[in-house]
>>> print(open('structure01.csv').read())   # CSV, C-alpha atoms
chain,number,residue,atom,x,y,z
Y,1,MET,CA,8.8,-46.5,56.7
Y,2,ALA,CA,10.3,-44.6,59.6
Y,3,THR,CA,11.4,-46.5,62.6
Y,4,PRO,CA,8.9,-45.9,65.5
Y,5,PRO,CA,10.2,-44.2,68.6
Y,6,LEU,CA,11.5,-46.5,71.3
Y,7,THR,CA,9.0,-46.9,74.1
Y,8,LYS,CA,10.4,-49.9,75.9
Y,9,ARG,CA,9.8,-50.2,79.6
Y,10,LEU,CA,12.9,-51.2,81.5
Y,11,PRO,CA,12.3,-54.4,83.5
Y,12,GLN,CA,12.4,-54.0,87.3
Y,13,GLN,CA,12.9,-57.5,88.5
Y,14,SER,CA,16.3,-59.1,88.3
Y,15,ARG,CA,15.0,-62.1,86.3
Y,16,SER,CA,13.3,-59.8,83.8
Y,17,ARG,CA,16.4,-57.7,83.4
Y,18,GLU,CA,18.5,-60.7,82.7
Y,19,SER,CA,16.0,-61.9,80.1
Y,20,TRP,CA,16.1,-58.4,78.4
Y,21,GLU,CA,19.9,-58.4,78.4
Y,22,ARG,CA,19.9,-61.9,76.8
Y,23,ALA,CA,17.4,-60.6,74.2
Y,24,LEU,CA,19.6,-57.6,73.3
Y,25,GLN,CA,22.7,-59.7,73.1
Y,26,VAL,CA,21.0,-62.3,70.9
Y,27,GLY,CA,19.6,-59.4,68.8
Y,28,MET,CA,23.0,-58.1,68.1
Y,29,GLU,CA,24.4,-61.5,67.3
Y,30,LEU,CA,21.5,-62.3,64.9
Y,31,PHE,CA,21.8,-58.9,63.2
Y,32,GLU,CA,25.5,-59.4,62.6
Y,33,GLU,CA,25.0,-62.9,61.3
Y,34,ARG,CA,21.9,-62.5,59.2
Y,35,GLY,CA,21.2,-58.8,58.8
Y,36,TRP,CA,17.8,-57.2,59.0
Y,37,ASP,CA,15.8,-60.0,57.4
Y,38,GLY,CA,17.3,-62.6,59.8
Y,39,LEU,CA,16.5,-60.6,62.9
Y,40,THR,CA,13.1,-62.0,63.8
Y,41,ILE,CA,11.3,-61.9,67.1
Y,42,ALA,CA,10.7,-65.7,66.9
Y,43,GLU,CA,14.5,-66.4,66.6
Y,44,VAL,CA,15.4,-63.9,69.3
Y,45,CYS,CA,13.0,-65.6,71.7
Y,46,LYS,CA,14.2,-69.0,70.8
Y,47,ARG,CA,17.9,-68.2,71.2
Y,48,ALA,CA,17.4,-66.1,74.4
Y,49,SER,CA,15.0,-68.7,75.9
Y,50,ILE,CA,12.3,-66.1,76.5
Y,51,SER,CA,8.6,-66.0,75.6
Y,52,PRO,CA,7.3,-63.6,72.9
Y,53,PRO,CA,4.8,-62.0,75.3
Y,54,SER,CA,7.7,-61.1,77.6
Y,55,LEU,CA,9.6,-59.4,74.8
Y,56,TYR,CA,6.5,-57.6,73.6
Y,57,ALA,CA,6.1,-56.3,77.1
Y,58,ARG,CA,9.2,-54.2,76.4
Y,59,VAL,CA,8.8,-53.3,72.7
Y,60,ALA,CA,5.9,-53.0,70.3
Y,61,GLY,CA,7.6,-55.0,67.5
Y,62,LYS,CA,10.7,-55.8,65.5
Y,63,ALA,CA,11.5,-52.2,64.4
Y,64,GLU,CA,11.3,-50.9,68.0
Y,65,PHE,CA,13.4,-53.9,69.3
Y,66,PHE,CA,16.0,-53.1,66.7
Y,67,VAL,CA,16.3,-49.5,68.0
Y,68,ALA,CA,17.1,-51.0,71.4
Y,69,VAL,CA,19.6,-53.3,69.8
Y,70,HIS,CA,21.2,-50.4,67.9
Y,71,GLU,CA,21.5,-48.4,71.1
Y,72,ARG,CA,23.2,-51.3,72.8
Y,73,TRP,CA,25.6,-51.6,69.8
Y,74,LEU,CA,26.4,-47.9,70.0
Y,75,ALA,CA,27.2,-48.3,73.7
Y,76,ARG,CA,29.6,-51.2,72.7
Y,77,ILE,CA,31.3,-48.9,70.2
Y,78,ILE,CA,31.8,-46.3,72.8
Y,79,GLN,CA,33.2,-48.9,75.2
Y,80,THR,CA,35.7,-50.1,72.5
Y,81,GLU,CA,36.7,-46.5,71.9
Y,82,GLU,CA,37.3,-45.8,75.6
Y,83,GLU,CA,39.3,-49.0,76.0
Y,84,LEU,CA,41.5,-48.2,72.9
Y,85,VAL,CA,42.0,-44.6,74.1
Y,86,ALA,CA,43.0,-45.8,77.6
Y,87,GLN,CA,45.4,-48.3,76.0
Y,88,HIS,CA,47.1,-45.9,73.6
Y,89,VAL,CA,46.8,-42.4,74.8
Y,90,GLN,CA,49.6,-41.5,77.2
Y,91,PRO,CA,50.5,-38.0,78.7
Y,92,GLY,CA,53.4,-36.2,76.9
Y,93,THR,CA,53.2,-38.0,73.6
Y,94,SER,CA,54.6,-36.1,70.6
Y,95,ASP,CA,52.3,-34.8,67.9
Y,96,ASP,CA,53.5,-37.5,65.5
Y,97,ASP,CA,52.7,-40.2,68.0
Y,98,THR,CA,49.3,-38.7,68.7
Y,99,ILE,CA,48.4,-39.0,65.1
Y,100,GLU,CA,49.3,-42.6,65.0
Y,101,VAL,CA,47.2,-43.2,68.2
Y,102,ALA,CA,44.2,-41.6,66.7
Y,103,VAL,CA,44.4,-43.8,63.6
Y,104,ARG,CA,44.9,-46.9,65.7
Y,105,VAL,CA,41.8,-46.0,67.7
Y,106,ILE,CA,39.5,-45.5,64.7
Y,107,ALA,CA,40.8,-48.5,62.8
Y,108,GLY,CA,40.6,-50.6,66.0
Y,109,ILE,CA,36.9,-49.6,66.5
Y,110,PHE,CA,36.1,-50.8,62.9
Y,111,SER,CA,38.2,-53.9,63.2
Y,112,ALA,CA,36.7,-55.0,66.5
Y,113,ASN,CA,33.1,-54.4,65.2
Y,114,GLU,CA,33.5,-55.2,61.5
Y,115,ARG,CA,30.5,-57.5,61.1
Y,116,ALA,CA,28.2,-55.2,63.0
Y,117,PHE,CA,29.3,-52.2,61.0
Y,118,ARG,CA,28.7,-54.0,57.8
Y,119,ALA,CA,25.2,-55.1,58.8
Y,120,VAL,CA,24.3,-51.6,60.0
Y,121,ILE,CA,25.7,-49.9,56.8
Y,122,ALA,CA,23.7,-52.3,54.7
Y,123,ARG,CA,20.5,-51.6,56.6
Y,124,SER,CA,21.0,-47.9,56.6
Y,125,THR,CA,20.4,-47.7,52.9
Y,126,GLN,CA,16.8,-48.6,53.6
Y,127,ASP,CA,16.3,-47.0,57.0
Y,128,PRO,CA,16.6,-43.2,57.0
Y,129,ASP,CA,16.3,-43.0,60.8
Y,130,LEU,CA,19.1,-45.5,61.3
Y,131,LEU,CA,21.2,-43.6,58.8
Y,132,GLN,CA,20.6,-40.4,60.8
Y,133,ARG,CA,21.5,-42.1,64.1
Y,134,GLY,CA,24.6,-43.4,62.5
Y,135,SER,CA,25.6,-40.0,61.3
Y,136,VAL,CA,25.1,-38.4,64.7
Y,137,ALA,CA,27.1,-41.1,66.4
Y,138,SER,CA,29.9,-41.0,63.9
Y,139,GLN,CA,30.2,-37.2,64.2
Y,140,ALA,CA,30.2,-37.4,68.0
Y,141,LEU,CA,33.0,-40.0,67.9
Y,142,LEU,CA,35.2,-37.8,65.8
Y,143,GLU,CA,34.5,-34.8,68.0
Y,144,ARG,CA,35.4,-36.8,71.1
Y,145,LEU,CA,38.7,-38.0,69.5
Y,146,VAL,CA,39.6,-34.5,68.4
Y,147,ALA,CA,38.9,-33.2,71.9
Y,148,THR,CA,40.5,-36.1,73.8
Y,149,ILE,CA,43.5,-36.9,71.8
Y,150,PHE,CA,44.4,-33.6,70.0
Y,151,ASP,CA,42.8,-31.0,72.3
Y,152,GLY,CA,41.1,-29.4,69.3
Y,153,ALA,CA,44.3,-28.9,67.3
Y,154,GLU,CA,43.9,-27.4,63.8
Y,155,ASN,CA,43.3,-29.8,60.8
Y,156,THR,CA,42.7,-32.8,63.1
Y,157,HIS,CA,39.0,-33.1,62.4
Y,158,VAL,CA,39.7,-33.1,58.6
Y,159,ALA,CA,42.3,-35.8,59.1
Y,160,LEU,CA,40.1,-38.0,61.2
Y,161,ARG,CA,37.2,-37.6,58.8
Y,162,ALA,CA,39.5,-38.9,56.0
Y,163,VAL,CA,40.7,-41.8,58.2
Y,164,TYR,CA,37.1,-42.6,59.2
Y,165,ALA,CA,36.0,-42.6,55.6
Y,166,GLU,CA,38.7,-45.0,54.6
Y,167,CYS,CA,37.7,-47.4,57.3
Y,168,LEU,CA,34.1,-47.1,56.3
Y,169,LEU,CA,34.9,-47.9,52.7
Y,170,ARG,CA,37.1,-50.9,53.6
Y,171,THR,CA,34.4,-52.3,55.9
Y,172,THR,CA,31.7,-51.9,53.3
Y,173,TYR,CA,33.4,-53.1,50.2
Y,174,GLY,CA,36.4,-55.1,51.5
Y,175,ALA,CA,40.2,-54.6,51.6
Y,176,ASP,CA,40.8,-55.0,47.8
Y,177,PHE,CA,38.1,-52.6,46.5
Y,178,LEU,CA,40.5,-49.8,45.6
Y,179,SER,CA,43.7,-51.8,45.3
Y,180,ALA,CA,45.1,-54.0,42.6
Y,181,SER,CA,46.9,-56.0,45.3
Y,182,HIS,CA,45.7,-57.1,48.8
Y,183,GLU,CA,46.4,-54.6,51.6
Y,184,ASP,CA,46.5,-56.3,55.0
Y,185,GLN,CA,45.4,-54.5,58.2
Y,186,GLY,CA,48.9,-53.5,59.2
Y,187,ASP,CA,49.7,-51.9,55.8
Y,188,PHE,CA,46.2,-50.3,55.8
Y,189,GLU,CA,46.8,-48.6,59.2
Y,190,HIS,CA,50.3,-47.5,58.2
Y,191,ARG,CA,48.9,-45.8,55.1
Y,192,LEU,CA,46.2,-44.1,57.2
Y,193,VAL,CA,48.9,-42.8,59.6
Y,194,GLN,CA,50.8,-41.3,56.6
Y,195,LEU,CA,47.6,-39.8,55.2
Y,196,ALA,CA,46.7,-38.2,58.6
Y,197,ARG,CA,50.3,-36.9,59.0
Y,198,ARG,CA,50.2,-35.2,55.6
Y,199,ILE,CA,46.9,-33.5,56.4
Y,200,ILE,CA,47.9,-32.3,59.9
Y,201,LEU,CA,51.7,-31.7,59.6
Y,202,GLY,CA,51.9,-30.9,55.9
Y,203,SER,CA,52.9,-32.6,52.7
Y,204,ASP,CA,56.6,-32.5,53.5
Y,205,CYS,CA,56.3,-34.9,56.5
Y,206,GLN,CA,58.6,-38.0,56.4
Y,207,ASP,CA,57.5,-41.6,56.3
Y,208,GLY,CA,58.6,-42.8,59.7
Y,209,ARG,CA,58.2,-46.5,59.1
>>> encode(input="structure01.csv", output="structure tokens")
Amino acid sequence: MATPPLTKRLPQQSRSRESWERALQVGMELFEERGWDGLTIAEVCKRASISPPSLYARVAGKAEFFVAVHERWLARIIQTEEELVAQHVQPGTSDDDTIEVAVRVIAGIFSANERAFRAVIARSTQDPDLLQRGSVASQALLERLVATIFDGAENTHVALRAVYAECLLRTTYGADFLSASHEDQGDFEHRLVQLARRIILGSDCQDGR
């Protein structure tokens, strides 16, 4: 069943806004902990200390509430992205350093939001609208990174797609899915840097580790 359009009415009073913020935060936490089935209006209201009628004044039901939760989660992803870019992107960095920065940003986004990503990915298999929203948001992320970090340089979009796909696979199935031995986060990011370098700079680039 398609997710209904979001028709929530933003609360006007400070107290109501605080209640709504608590509900969204609890919604994100519940979804990360328990997935779609564990995200119930009753549990949200219990944890957020609000009444069901006050929540239903904003949304028509669970599906609509989840759209609001997902929107809030996407905003958190963008915030994480902006913080990582601000932390790592410096004027005058070399092309090689820029590649490493881009990998660190993408891997950092997944690492900081691993549980939420996993829950969203699992739900996306049964929710075409959520899958579409995730596709749009993922493409927009890569476009921003290409424009912000690389200024649209050739082959960078292909490289970042490959890095993003690796992070998605690791988040979905775990660190050992395609490896006979455990690959820790540091080794994983190093491998992604080398992958991106080969795509952008050519197959003859050197391993700078």
>>> axis_aligned_box(input="structure01.csv", around="segment 71-84 of chain Y", padding_each_side="5 Å", output="JSON")
{"center_x": 31.5, "center_y": -48.7, "center_z": 72.9, "size_x": 30.0, "size_y": 15.8, "size_z": 16.2}
>>> atom_distance(input="structure01.csv", atom1="atom CA of Phe150 of chain Y", atom2="atom CA of Ser111 of chain Y")
22.3 Å
>>> atom_distance(input="structure01.csv", atom1="atom CA of Leu30 of chain Y", atom2="atom CA of Arg15 of chain Y")
22.4 Å
>>> residues_around(input="structure01.csv", residues="Glu32 of chain Y", least_positions_apart="5", cutoff="10 Å", atoms="all atoms listed in the file", output="list of chain:residue names")
Y:Val26, Y:Gly27, Y:Gly38, Y:Leu39, Y:Asn113, Y:Glu114, Y:Arg115, Y:Ala116, Y:Phe117, Y:Arg118, Y:Ala119, Y:Val120
>>> closest_residue(input="structure01.csv", among="Y:Leu24, Y:Val193, Y:Ile109, Y:Ala75", to="Ile50 of chain Y", atoms="all atoms listed in the file")
Y:Leu24
>>> closest_residue(input="structure01.csv", among="Y:Glu100, Y:Glu18, Y:Asp187, Y:Glu83", to="Ala112 of chain Y", atoms="only C-alpha atoms")
Y:Glu83
>>> atom_distance(input="structure01.csv", atom1="atom CA of Ala57 of chain Y", atom2="atom CA of Arg123 of chain Y")
25.5 Å
>>> residues_around(input="structure01.csv", residues="segment 66-69 of chain Y", least_positions_apart="2", cutoff="8 Å", atoms="only C-alpha atoms", output="PDB file with C-alpha atoms, in the coordinates of the input")
ATOM      1  CA  THR Y   3      11.400 -46.500  62.600  1.00  0.00           C
ATOM      2  CA  LEU Y   6      11.500 -46.500  71.300  1.00  0.00           C
ATOM      3  CA  LEU Y  24      19.600 -57.600  73.300  1.00  0.00           C
ATOM      4  CA  GLN Y  25      22.700 -59.700  73.100  1.00  0.00           C
ATOM      5  CA  GLY Y  27      19.600 -59.400  68.800  1.00  0.00           C
ATOM      6  CA  MET Y  28      23.000 -58.100  68.100  1.00  0.00           C
ATOM      7  CA  LYS Y  62      10.700 -55.800  65.500  1.00  0.00           C
ATOM      8  CA  ALA Y  63      11.500 -52.200  64.400  1.00  0.00           C
ATOM      9  CA  GLU Y  64      11.300 -50.900  68.000  1.00  0.00           C
ATOM     10  CA  GLU Y  71      21.500 -48.400  71.100  1.00  0.00           C
ATOM     11  CA  ARG Y  72      23.200 -51.300  72.800  1.00  0.00           C
ATOM     12  CA  TRP Y  73      25.600 -51.600  69.800  1.00  0.00           C
TER      13      TRP Y  73
END
>>> closest_residue(input="structure01.csv", among="Y:Gln194, Y:Thr125, Y:Gln90, Y:Thr40", to="Ala162 of chain Y", atoms="all atoms listed in the file")
Y:Gln194
>>> closest_residue(input="structure01.csv", among="Y:Ile121, Y:Pro53, Y:Arg47, Y:Arg22", to="Leu169 of chain Y", atoms="all atoms listed in the file")
Y:Ile121
>>> closest_residue(input="structure01.csv", among="Y:Arg170, Y:Glu21, Y:Ala122, Y:Gly186", to="Asp37 of chain Y", atoms="all atoms listed in the file")
Y:Ala122
